[in-house]
$ cat coords-v8.tsv   # TSV, C-alpha atoms
chain	number	residue	atom	x	y	z
A	26	MET	CA	117.88	76.49	119.58
A	27	GLU	CA	117.54	78.50	122.77
A	28	LEU	CA	115.99	81.95	123.19
A	29	ILE	CA	117.09	83.95	126.24
A	30	ALA	CA	115.33	87.19	127.11
A	31	ILE	CA	117.37	90.16	128.35
A	32	PRO	CA	115.25	92.45	130.54
A	33	THR	CA	116.74	95.87	131.25
A	34	PRO	CA	115.96	98.96	133.29
A	35	LEU	CA	114.06	101.73	131.49
A	36	LEU	CA	116.29	103.04	128.72
A	37	HIS	CA	117.03	106.74	128.17
A	38	ALA	CA	118.79	108.88	125.61
A	39	GLY	CA	122.54	108.68	126.12
A	40	ASP	CA	122.53	105.28	127.82
A	41	ASP	CA	125.31	102.87	126.86
A	42	LEU	CA	123.14	100.08	125.46
A	43	ALA	CA	126.02	97.66	124.88
A	44	ALA	CA	127.20	98.05	128.48
A	45	ILE	CA	123.65	97.57	129.81
A	46	LEU	CA	123.11	94.40	127.76
A	47	ALA	CA	126.52	93.05	128.76
A	48	GLU	CA	125.68	93.63	132.41
A	49	GLN	CA	122.26	91.98	132.16
A	50	ALA	CA	123.30	88.82	130.30
A	51	GLU	CA	126.29	86.57	129.61
A	52	LEU	CA	126.99	86.65	125.88
A	53	ARG	CA	128.94	83.83	124.24
A	54	ASP	CA	130.80	83.48	120.96
A	55	GLY	CA	128.32	82.52	118.24
A	56	ASP	CA	125.25	84.07	119.87
A	57	ILE	CA	122.87	86.08	117.72
A	58	LEU	CA	121.43	89.08	119.54
A	59	VAL	CA	118.06	90.37	118.35
A	60	VAL	CA	117.66	93.97	119.55
A	61	SER	CA	114.63	96.24	119.29
A	62	SER	CA	115.32	99.05	116.85
A	63	LYS	CA	113.25	101.30	119.14
A	64	ALA	CA	115.61	100.58	122.04
A	65	VAL	CA	118.59	101.53	119.91
A	66	ALA	CA	116.85	104.67	118.66
A	67	THR	CA	115.95	105.62	122.23
A	68	THR	CA	119.52	105.40	123.51
A	69	GLU	CA	120.74	107.28	120.44
A	70	GLY	CA	118.41	110.17	121.27
A	71	ALA	CA	116.23	109.80	118.17
A	72	ALA	CA	112.89	110.48	119.90
A	73	ILE	CA	110.76	113.13	118.17
A	74	ASP	CA	109.33	116.00	120.24
A	75	LEU	CA	105.76	116.50	119.04
A	76	ASN	CA	105.59	119.97	120.59
A	77	ALA	CA	108.19	121.14	118.07
A	78	ILE	CA	106.16	120.06	115.03
A	79	GLU	CA	103.88	122.36	113.00
A	80	PRO	CA	101.30	120.21	111.15
A	81	GLY	CA	100.43	120.94	107.53
A	82	ALA	CA	97.23	120.39	105.58
A	83	GLU	CA	98.01	116.76	104.67
A	84	ALA	CA	98.76	115.92	108.29
A	85	ASN	CA	95.49	117.47	109.41
A	86	ASP	CA	93.62	115.44	106.81
A	87	LEU	CA	95.32	112.18	107.89
A	88	SER	CA	94.52	112.99	111.51
A	89	LYS	CA	90.82	113.36	110.69
A	90	ARG	CA	90.71	110.17	108.63
A	91	CYS	CA	93.00	107.90	110.63
A	92	GLY	CA	93.10	109.29	114.15
A	93	HIS	CA	96.04	110.50	116.27
A	94	SER	CA	97.07	114.12	116.50
A	95	PRO	CA	98.00	116.28	113.52
A	96	ALA	CA	101.51	116.60	114.98
A	97	GLU	CA	101.91	112.79	114.98
A	98	ARG	CA	100.72	112.62	111.40
A	99	GLN	CA	103.14	115.38	110.38
A	100	ALA	CA	105.97	113.45	112.04
A	101	LEU	CA	104.92	110.43	109.97
A	102	LEU	CA	105.01	112.48	106.76
A	103	ASP	CA	108.41	113.96	107.65
A	104	GLU	CA	109.88	110.53	108.43
A	105	THR	CA	108.40	109.11	105.22
A	106	GLU	CA	110.01	111.89	103.19
A	107	ARG	CA	113.34	111.40	105.00
A	108	MET	CA	113.34	107.75	103.94
A	109	HIS	CA	112.37	108.49	100.34
A	110	GLY	CA	108.92	106.96	100.76
A	111	HIS	CA	105.25	107.67	100.26
A	112	VAL	CA	101.87	106.85	101.79
A	113	VAL	CA	100.27	103.83	100.12
A	114	GLY	CA	97.21	103.16	102.28
A	115	THR	CA	95.19	104.06	105.34
A	116	CYS	CA	92.84	102.42	107.80
A	117	PRO	CA	91.34	103.49	111.13
A	118	GLN	CA	94.24	104.34	113.48
A	119	ALA	CA	97.04	103.57	110.99
A	120	VAL	CA	98.78	104.75	107.84
A	121	LEU	CA	100.75	102.37	105.62
A	122	THR	CA	103.96	103.75	104.15
A	123	GLU	CA	106.42	102.38	101.61
A	124	LEU	CA	110.00	103.36	102.43
A	125	LYS	CA	113.29	103.25	100.53
A	126	PRO	CA	115.89	104.24	103.14
A	127	ALA	CA	119.36	105.29	102.04
A	128	GLY	CA	121.50	102.20	101.52
A	129	LEU	CA	118.62	99.80	100.81
A	130	MET	CA	119.68	98.60	97.36
A	131	GLN	CA	116.89	96.17	96.53
A	132	GLY	CA	113.16	96.48	97.18
A	133	SER	CA	111.43	98.68	99.73
A	134	ILE	CA	109.91	98.36	103.19
A	135	LEU	CA	106.19	98.50	103.90
A	136	ALA	CA	105.82	99.92	107.41
A	137	ALA	CA	102.95	101.21	109.48
A	138	THR	CA	103.40	104.93	110.24
A	139	ALA	CA	106.92	105.00	108.75
A	140	GLY	CA	108.14	102.94	111.71
A	141	LEU	CA	107.04	105.53	114.29
A	142	ASP	CA	105.40	104.55	117.57
A	143	HIS	CA	104.16	106.35	120.66
A	144	SER	CA	104.38	103.20	122.80
A	145	ASN	CA	107.27	102.91	125.25
A	146	THR	CA	108.31	106.53	124.83
A	147	PRO	CA	107.56	109.51	127.11
A	148	GLN	CA	104.33	111.46	126.70
A	149	GLY	CA	104.56	113.99	123.89
A	150	THR	CA	107.17	112.08	121.91
A	151	LEU	CA	107.38	109.48	119.16
A	152	ILE	CA	110.15	106.97	118.57
A	153	GLY	CA	111.03	105.39	115.24
A	154	TRP	CA	114.05	103.63	113.80
A	155	PRO	CA	117.63	104.79	114.37
A	156	LYS	CA	118.61	107.53	111.94
A	157	ASP	CA	121.15	105.18	110.32
A	158	PRO	CA	120.21	101.58	111.16
A	159	VAL	CA	123.16	100.10	109.27
A	160	ALA	CA	125.67	102.19	111.22
A	161	SER	CA	123.79	101.40	114.43
A	162	VAL	CA	123.83	97.62	114.02
A	163	GLY	CA	127.53	97.58	113.17
A	164	ARG	CA	128.44	99.89	116.03
A	165	LEU	CA	126.42	97.87	118.54
A	166	ARG	CA	128.09	94.65	117.42
A	167	ARG	CA	131.56	96.17	117.84
A	168	GLU	CA	130.69	97.68	121.22
A	169	LEU	CA	129.31	94.36	122.46
A	170	ARG	CA	132.51	92.60	121.46
A	171	LYS	CA	134.54	95.24	123.27
A	172	ALA	CA	132.35	94.99	126.38
A	173	THR	CA	132.11	91.19	126.53
A	174	GLY	CA	134.90	89.73	124.41
A	175	ALA	CA	132.26	87.64	122.61
A	176	ASP	CA	131.82	87.55	118.85
A	177	VAL	CA	128.07	87.92	118.37
A	178	ALA	CA	125.88	88.76	115.38
A	179	VAL	CA	123.24	91.45	115.78
A	180	ILE	CA	119.77	91.89	114.26
A	181	LEU	CA	117.84	95.15	114.62
A	182	SER	CA	114.15	94.28	114.64
A	183	ASP	CA	110.79	96.02	114.63
A	184	SER	CA	107.22	94.81	114.88
A	185	CYS	CA	105.23	94.66	111.63
A	186	CYS	CA	101.88	93.73	110.10
A	187	ARG	CA	101.19	91.27	107.29
A	188	PRO	CA	98.55	91.49	104.53
A	189	ARG	CA	95.18	90.04	105.59
A	190	ARG	CA	96.57	88.65	108.86
A	191	LEU	CA	95.51	89.81	112.30
A	192	GLY	CA	98.21	90.73	114.79
A	193	VAL	CA	101.86	91.76	114.63
A	194	THR	CA	104.98	89.72	114.01
A	195	ALA	CA	108.44	91.21	113.50
A	196	ILE	CA	110.84	92.16	110.75
A	197	ALA	CA	114.63	92.37	110.66
A	198	LEU	CA	115.65	95.83	109.47
A	199	THR	CA	119.43	95.52	109.46
A	200	VAL	CA	121.84	92.72	110.30
A	201	SER	CA	125.51	92.42	111.14
A	202	GLY	CA	127.25	89.05	111.16
A	203	ILE	CA	124.90	86.60	109.42
A	204	ASP	CA	123.34	86.31	105.99
A	205	PRO	CA	119.71	87.42	106.44
A	206	ILE	CA	118.41	85.24	103.59
A	207	ALA	CA	119.06	81.51	103.10
A	208	ASP	CA	118.75	80.66	99.40
A	209	MET	CA	117.19	77.18	99.13
A	210	ARG	CA	116.78	77.18	95.35
A	211	GLY	CA	118.14	74.01	93.81
A	212	GLU	CA	117.91	71.99	97.02
A	213	ARG	CA	115.82	68.82	96.90
A	214	ASP	CA	112.55	68.20	98.73
A	215	LEU	CA	111.54	64.86	100.31
A	216	PHE	CA	110.72	63.43	96.89
A	217	GLY	CA	113.86	64.65	95.14
A	218	LYS	CA	112.25	67.61	93.38
A	219	PRO	CA	114.42	70.76	93.23
A	220	LEU	CA	113.07	73.87	94.92
A	221	GLN	CA	112.36	76.56	92.36
A	222	MET	CA	111.95	79.82	94.28
A	223	THR	CA	112.22	79.22	98.04
A	224	GLN	CA	114.41	81.64	99.95
A	225	GLU	CA	114.12	81.50	103.73
A	226	ALA	CA	113.72	84.87	105.44
A	227	ARG	CA	116.11	83.75	108.16
A	228	ALA	CA	116.60	87.11	109.90
A	229	ASP	CA	112.86	87.87	109.85
A	230	GLN	CA	112.12	84.44	111.33
A	231	LEU	CA	114.59	85.03	114.17
A	232	ALA	CA	113.16	88.52	114.74
A	233	THR	CA	109.65	87.11	115.11
A	234	SER	CA	110.86	84.31	117.39
A	235	ALA	CA	112.57	86.86	119.63
A	236	ASN	CA	109.52	89.13	119.57
A	237	ILE	CA	107.54	86.49	121.48
A	238	LEU	CA	109.80	87.22	124.47
A	239	MET	CA	110.39	90.91	123.81
A	240	GLY	CA	106.71	91.77	123.59
A	241	ASN	CA	105.19	95.08	122.51
A	242	ALA	CA	103.90	96.49	125.81
A	243	GLY	CA	105.62	97.05	129.16
A	244	GLN	CA	107.89	94.00	129.26
A	245	SER	CA	111.11	96.09	129.24
A	246	THR	CA	112.84	93.31	127.32
A	247	PRO	CA	114.57	95.03	124.40
A	248	ALA	CA	116.86	92.15	123.42
A	249	VAL	CA	116.91	88.36	123.10
A	250	ILE	CA	119.86	86.01	122.72
A	251	VAL	CA	119.49	83.26	120.08
A	252	ARG	CA	121.87	80.43	121.02
A	253	ASP	CA	122.73	77.02	119.52
A	254	HIS	CA	121.10	78.05	116.24
A	255	GLY	CA	123.51	76.39	113.79
A	256	ILE	CA	123.60	79.46	111.53
A	257	PRO	CA	127.08	80.30	110.22
A	258	PHE	CA	128.43	83.82	110.72
A	259	SER	CA	129.34	85.88	107.67
A	260	SER	CA	130.74	89.30	106.78
A	261	PHE	CA	127.28	90.65	105.89
A	262	GLU	CA	126.35	94.02	107.37
A	263	GLY	CA	123.48	96.08	106.01
A	264	TRP	CA	119.78	96.35	105.30
A	265	VAL	CA	117.79	93.17	104.77
A	266	GLU	CA	116.91	93.60	101.14
A	267	GLY	CA	113.52	92.87	99.63
A	268	ILE	CA	112.00	92.64	96.17
A	269	GLU	CA	110.76	95.28	93.78
A	270	PRO	CA	107.00	95.94	93.76
A	271	SER	CA	106.63	94.61	90.22
A	272	GLU	CA	107.95	91.20	91.37
A	273	ASP	CA	105.94	91.09	94.58
A	274	LEU	CA	103.22	88.45	95.00
A	275	PHE	CA	101.02	91.16	96.57
A	276	HIS	CA	101.56	93.65	93.74
A	277	GLY	CA	98.22	95.09	92.70
A	278	VAL	CA	96.62	94.08	96.00
A	279	ILE	CA	98.47	96.58	98.19
$ encode --input "coords-v8.tsv" --output "structure tokens"
Amino acid sequence: MELIAIPTPLLHAGDDLAAILAEQAELRDGDILVVSSKAVATTEGAAIDLNAIEPGAEANDLSKRCGHSPAERQALLDETERMHGHVVGTCPQAVLTELKPAGLMQGSILAATAGLDHSNTPQGTLIGWPKDPVASVGRLRRELRKATGADVAVILSDSCCRPRRLGVTAIALTVSGIDPIADMRGERDLFGKPLQMTQEARADQLATSANILMGNAGQSTPAVIVRDHGIPFSSFEGWVEGIEPSEDLFHGVI
């Protein structure tokens, strides 16, 4: 499998992301393109103007306990409410939210600060996920095919944290063109024993692999091509579903 970084110029609201990616790289049939959800949100004009936000009492309290401005904390609360979520934990500098965005049929998403970030966005703004990540991933896939003629699958990714582990990896939010989960149950191990519960988080694994090249600072590399991966394409397009809290291994810990 080959990973090919796609560096781009600084992205702005209104930019044609598909055209920029097509100009910066040669896409081929069968490629999987992992794209930063923040890059998509930026070009879609989804940045939040902090000067337009009036913080409430809860935001002021979170600001005192967890740092960052009251306006940033109010933006977090607003985004959490928009995605039918709630705050589940705090630590210095961060707030953990559990989100159930429209269209996510199974499980929920644990995300720091409701997916919002002040990195790689102009001063006085925050950037989060696209307003409709399912529509965004499908639209980007279609626009890439129109711009390049290549049939590619697309993964929208974001950085994430894991319980009790230092550092960030990445998560696949939405996918178009491949099945995000590979069900291994029933397959045999080296000694012939059937697997009982293993399901490979295929899209998450690809998102983390791509994140090594994309980075989280000033790399200006919002997309990575995954080539010669051997993963079949499918008609899947939507959120990468999870599991309900009651079935989660970490239930009661988080």
$ residues_around --input "coords-v8.tsv" --residues "Glu168 in chain A" --least-positions-apart "2" --cutoff "10 Å" --atoms "only C-alpha atoms" --output "ChimeraX atom specification"
/A:41-44,47,162-166,170-174
$ closest_atom_pairs --input "coords-v8.tsv" --of "range 177-210 of chain A" --to "range 145-159 of chain A" --cutoff "9 Å" --atoms "only C-alpha atoms" --output "tab-separated table"
residue	atom	partner	partner_atom	distance
A:Leu181	CA	A:Pro158	CA	7.7
A:Asp183	CA	A:Trp154	CA	8.3
A:Leu198	CA	A:Pro158	CA	7.5
A:Thr199	CA	A:Val159	CA	5.9
A:Val200	CA	A:Val159	CA	7.6
A:Ser201	CA	A:Val159	CA	8.2
$ closest_residue --input "coords-v8.tsv" --among "A:Gln99, A:Ser271, A:Thr122, A:Ser94" --to "Ala136 in chain A" --atoms "all atoms listed in the file"
A:Thr122
$ atom_distance --input "coords-v8.tsv" --atom1 "CA of His93 in chain A" --atom2 "CA of His143 in chain A"
10.1 Å
$ atom_distance --input "coords-v8.tsv" --atom1 "CA of Arg227 in chain A" --atom2 "CA of Glu51 in chain A"
23.9 Å
$ residues_around --input "coords-v8.tsv" --residues "range 126-134 of chain A" --least-positions-apart "4" --cutoff "7 Å" --atoms "all atoms listed in the file" --output "list in words"
Met108, His109, Trp264, Glu266, Gly267, Ile268 and Glu269 of chain A
$ residues_around --input "coords-v8.tsv" --residues "Gln118 in chain A" --least-positions-apart "6" --cutoff "10 Å" --atoms "all atoms listed in the file" --output "JSON, numbers by chain"
{"A": [87, 88, 90, 91, 92, 93, 138]}
$ residues_near_point --input "coords-v8.tsv" --point "(113.7, 78.5, 96.9)" --cutoff "12 Å" --atoms "all atoms listed in the file" --output "list in words"
Ile206, Ala207, Asp208, Met209, Arg210, Gly211, Glu212, Arg213, Asp214, Lys218, Pro219, Leu220, Gln221, Met222, Thr223, Gln224, Glu225 and Ala226 of chain A
$ residues_around --input "coords-v8.tsv" --residues "Ile196 in chain A" --least-positions-apart "5" --cutoff "6 Å" --atoms "all atoms listed in the file" --output "list of chain:residue names"
A:Ser182, A:Asp183, A:Asp229, A:Ala232
$ atom_distance --input "coords-v8.tsv" --atom1 "CA of Asn236 in chain A" --atom2 "CA of Val249 in chain A"
8.2 Å
$ closest_residue --input "coords-v8.tsv" --among "A:Leu101, A:Met26, A:Ala137, A:Ala82" --to "Glu123 in chain A" --atoms "all atoms listed in the file"
A:Ala137
$ residues_around --input "coords-v8.tsv" --residues "Glu79 in chain A" --least-positions-apart "6" --cutoff "10 Å" --atoms "only C-alpha atoms" --output "JSON list (two decimals) with C-alpha atoms, in the frame of the given file"
[["chain", "number", "residue", "atom", "x", "y", "z"],
["A", 95, "PRO", "CA", 98.00, 116.28, 113.52],
["A", 96, "ALA", "CA", 101.51, 116.60, 114.98],
["A", 97, "GLU", "CA", 101.91, 112.79, 114.98],
["A", 99, "GLN", "CA", 103.14, 115.38, 110.38],
["A", 100, "ALA", "CA", 105.97, 113.45, 112.04]]
$ build_atoms --input "coords-v8.tsv" --residues "range 207-221 of chain A" --atoms "N, CA and C atoms" --output "compact mmCIF listing (two decimals), in the coordinates of the input"
# COMPACT_ATOMS: atom_id res chain seq x y z
N ALA A 207 118.48 82.81 103.44
CA ALA A 207 119.06 81.51 103.10
C ALA A 207 118.44 81.05 101.78
N ASP A 208 119.23 81.01 100.73
CA ASP A 208 118.75 80.66 99.40
C ASP A 208 118.65 79.14 99.29
N MET A 209 117.42 78.63 99.20
CA MET A 209 117.19 77.18 99.13
C MET A 209 116.97 76.67 97.70
N ARG A 210 117.04 77.58 96.73
CA ARG A 210 116.78 77.18 95.35
C ARG A 210 117.80 76.14 94.88
N GLY A 211 117.29 75.09 94.28
CA GLY A 211 118.14 74.01 93.81
C GLY A 211 118.25 72.85 94.79
N GLU A 212 117.91 73.10 96.06
CA GLU A 212 117.91 71.99 97.02
C GLU A 212 116.72 71.08 96.75
N ARG A 213 116.84 69.82 97.20
CA ARG A 213 115.82 68.82 96.90
C ARG A 213 114.83 68.67 98.04
N ASP A 214 113.55 68.46 97.70
CA ASP A 214 112.55 68.20 98.73
C ASP A 214 112.55 66.70 99.07
N LEU A 215 111.58 66.25 99.86
CA LEU A 215 111.54 64.86 100.31
C LEU A 215 111.41 63.87 99.16
N PHE A 216 110.93 64.33 98.03
CA PHE A 216 110.72 63.43 96.89
C PHE A 216 111.73 63.69 95.77
N GLY A 217 112.79 64.44 96.10
CA GLY A 217 113.86 64.65 95.14
C GLY A 217 113.64 65.78 94.17
N LYS A 218 112.53 66.51 94.29
CA LYS A 218 112.25 67.61 93.38
C LYS A 218 113.03 68.86 93.81
N PRO A 219 113.66 69.56 92.86
CA PRO A 219 114.42 70.76 93.23
C PRO A 219 113.49 71.93 93.56
N LEU A 220 113.83 72.67 94.58
CA LEU A 220 113.07 73.87 94.92
C LEU A 220 113.33 74.93 93.86
N GLN A 221 112.27 75.62 93.46
CA GLN A 221 112.36 76.56 92.36
C GLN A 221 112.56 78.01 92.80
